[in-house]
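K.L.:
Pasting in a structure now, in structure tokens, and then I'll have a few things to ask.
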Amino acid sequence: MLSAIKKFPQLSMSVKRAASEGDLVWLHLHVKRTPDSLGSAIMHVFRMENGKFAEHWGVSQRVPETSKNNNTMF
């Protein structure tokens with residue numbers, strides 16, 4: 001993460017949703033490298049074990065300029 005901040009000093013992350021169930025925690029983020037970019041929608045899922053991260057899964061998708069439907073990514 002520190003290298004990303006050095007490479008993109010205007011990087012921003014906005015948490016859109018966060019939830020947990022049992023030993024799983026997930027975050028839905030809007031990440032932008034620059035203020036004027038559309039950014040990406042990112043999901044991180046963590047499995048916790050004894051209060052620590054045991055596993056991590058993540059997916060991302062760029063925010064499109066136009067959508068084929070009325071649903072938004074956020």
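Just so we're on the same page: first chain in the structure tokens is A, next is B, and so on; residues restart at 1 for each chain, and ligands are numbered from 1 in the order they show up.
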Could you go through region 3-68 of chain A and tell me which residues DSSP, when run on the backbone, assigns to strand (DSSP E), listing them as a PyMOL selection string?
P.N.:
chain A and resi 12-21+24-32+40-49+52-62
K.L.:
So that I can check the surroundings of Glu49 (chain A), please list as a PyMOL selection string every protein, DNA and RNA residue that reaches within 12 Å of it, counting only C-alpha atoms and ignoring chain neighbours fewer than 3 positions away.
P.N.:
chain A and resi 22-25+46+52-56
K.L.:
Take the selection from the previous step and output its residues with N, CA and C atoms, as an mmCIF file, in the first residue's frame.
P.N.:
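Listed below is the output, selection_11.cif:
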```cif
data_model
loop_
_atom_site.group_PDB
_atom_site.id
_atom_site.type_symbol
_atom_site.label_atom_id
_atom_site.label_comp_id
_atom_site.auth_asym_id
_atom_site.auth_seq_id
_atom_site.Cartn_x
_atom_site.Cartn_y
_atom_site.Cartn_z
ATOM 1 N N GLY A 22 -19.998 -14.055 11.126
ATOM 2 C CA GLY A 22 -19.118 -15.113 11.609
ATOM 3 C C GLY A 22 -17.672 -14.662 11.560
ATOM 4 N N ASP A 23 -16.831 -15.441 10.893
ATOM 5 C CA ASP A 23 -15.409 -15.097 10.801
ATOM 6 C C ASP A 23 -15.058 -14.345 9.518
ATOM 7 N N LEU A 24 -16.069 -13.877 8.757
ATOM 8 C CA LEU A 24 -15.834 -13.152 7.509
ATOM 9 C C LEU A 24 -16.135 -11.665 7.668
ATOM 10 N N VAL A 25 -15.281 -10.858 7.081
ATOM 11 C CA VAL A 25 -15.456 -9.398 7.047
ATOM 12 C C VAL A 25 -15.276 -8.977 5.606
ATOM 13 N N PHE A 46 -12.182 -10.822 3.994
ATOM 14 C CA PHE A 46 -11.183 -11.351 4.913
ATOM 15 C C PHE A 46 -11.808 -12.434 5.782
ATOM 16 N N LYS A 52 -7.010 -12.061 13.858
ATOM 17 C CA LYS A 52 -6.029 -11.709 12.826
ATOM 18 C C LYS A 52 -6.539 -12.150 11.458
ATOM 19 N N PHE A 53 -5.997 -11.533 10.402
ATOM 20 C CA PHE A 53 -6.336 -11.942 9.045
ATOM 21 C C PHE A 53 -5.754 -13.323 8.772
ATOM 22 N N ALA A 54 -6.605 -14.279 8.424
ATOM 23 C CA ALA A 54 -6.137 -15.624 8.084
ATOM 24 C C ALA A 54 -6.126 -15.827 6.569
ATOM 25 N N GLU A 55 -7.107 -15.229 5.883
ATOM 26 C CA GLU A 55 -7.190 -15.320 4.422
ATOM 27 C C GLU A 55 -7.753 -14.022 3.877
ATOM 28 N N HIS A 56 -7.457 -13.756 2.597
ATOM 29 C CA HIS A 56 -7.954 -12.553 1.926
ATOM 30 C C HIS A 56 -8.285 -12.882 0.477
#
```
K.L.:
Would you please give, as a ChimeraX atom specification, all residues of chain A that DSSP assigns to alpha helix (DSSP H) based on the backbone?
P.N.:
/A:2-7
K.L.:
Produce a file of the selected residues containing C-alpha atoms, as an mmCIF file, in the first residue's frame.
P.N.:
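Produced file part_22.cif, reproduced below:
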```
data_model
loop_
_atom_site.group_PDB
_atom_site.id
_atom_site.type_symbol
_atom_site.label_atom_id
_atom_site.label_comp_id
_atom_site.auth_asym_id
_atom_site.auth_seq_id
_atom_site.Cartn_x
_atom_site.Cartn_y
_atom_site.Cartn_z
ATOM 1 C CA LEU A 2 2.815 2.427 0.776
ATOM 2 C CA SER A 3 4.224 2.037 -2.732
ATOM 3 C CA ALA A 4 0.770 2.874 -4.168
ATOM 4 C CA ILE A 5 0.642 6.042 -2.067
ATOM 5 C CA LYS A 6 4.113 7.049 -3.247
ATOM 6 C CA LYS A 7 3.188 6.342 -6.872
#
```
K.L.:
Restricting the calculation to only C-alpha atoms: of A:Met43, A:Leu38, A:Met48, A:Val31, which residue gets closest to Pro64 (chain A)?
P.N.:
A:Leu38
K.L.:
Please report the interatomic distance between CA of Arg17 (chain A) and CA of Asn50 (chain A) in Å with one decimal.
P.N.:
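Separation of CA of Arg17 (chain A) and CA of Asn50 (chain A): 23.5 Å.
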K.L.:
Measuring atom to atom with only C-alpha atoms, identify which of A:Pro9, A:Lys68, A:Phe74, A:Gly51 is nearest to Leu27 (chain A).
P.N.:
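Comparing A:Pro9, A:Lys68, A:Phe74, A:Gly51 against Leu27 (chain A), the winner is A:Phe74.
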K.L.:
Quick check, in Å to one decimal: how far apart do CA of Asp36 (chain A) and CA of Thr66 (chain A) lie?
P.N.:
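Those two atoms sit 15.7 Å apart.
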K.L.:
A:Arg47, A:Arg33, A:Lys16, A:His28: which is nearest Val59 (chain A), counting only C-alpha atoms?
P.N.:
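Closest candidate: A:His28.
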K.L.:
Please identify all polymer residues within 6 Å of His44 (chain A), counting only C-alpha atoms, omitting same-chain residues fewer than 5 positions from it, and present them as a list of chain:residue names.
P.N.:
A:Trp26, A:Leu27, A:Trp57, A:Gly58
K.L.:
Quick one: write out the picked residues with N, CA, C and O atoms as a PDB file, in the first residue's frame?
P.N.:
```
ATOM      1  N   TRP A  26     -16.138  -8.084   5.109  1.00  0.00           N
ATOM      2  CA  TRP A  26     -15.951  -7.612   3.748  1.00  0.00           C
ATOM      3  C   TRP A  26     -16.117  -6.106   3.668  1.00  0.00           C
ATOM      4  O   TRP A  26     -16.829  -5.487   4.443  1.00  0.00           O
ATOM      5  N   LEU A  27     -15.383  -5.534   2.706  1.00  0.00           N
ATOM      6  CA  LEU A  27     -15.386  -4.096   2.454  1.00  0.00           C
ATOM      7  C   LEU A  27     -15.665  -3.846   0.977  1.00  0.00           C
ATOM      8  O   LEU A  27     -15.092  -4.505   0.115  1.00  0.00           O
ATOM      9  N   TRP A  57      -9.417 -12.369   0.025  1.00  0.00           N
ATOM     10  CA  TRP A  57      -9.799 -12.448  -1.382  1.00  0.00           C
ATOM     11  C   TRP A  57     -10.173 -11.040  -1.805  1.00  0.00           C
ATOM     12  O   TRP A  57     -10.695 -10.263  -1.023  1.00  0.00           O
ATOM     13  N   GLY A  58      -9.909 -10.701  -3.059  1.00  0.00           N
ATOM     14  CA  GLY A  58     -10.259  -9.381  -3.541  1.00  0.00           C
ATOM     15  C   GLY A  58     -10.564  -9.387  -5.025  1.00  0.00           C
ATOM     16  O   GLY A  58     -10.013 -10.193  -5.778  1.00  0.00           O
TER      17      GLY A  58
END
```
K.L.:
Could you check the closest approach to Ala41 (chain A) for each of A:Ser20, A:Met73, A:Phe8, A:Met13 and tell me which residue wins, using only C-alpha atoms?
P.N.:
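Using only C-alpha atoms, Ala41 (chain A) sits closest to A:Met73.
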K.L.:
Return the single residue from A:Asn70, A:Leu29, A:Leu11, A:Arg62 that is closest to Val45 (chain A), with distances computed using only C-alpha atoms.
P.N.:
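Nearest candidate to Val45 (chain A) out of A:Asn70, A:Leu29, A:Leu11, A:Arg62: A:Leu29.
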K.L.:
So what do you get for CA of Glu65 (chain A) versus CA of Ala19 (chain A), distance-wise?
P.N.:
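Distance between the two atoms: 28.0 Å.
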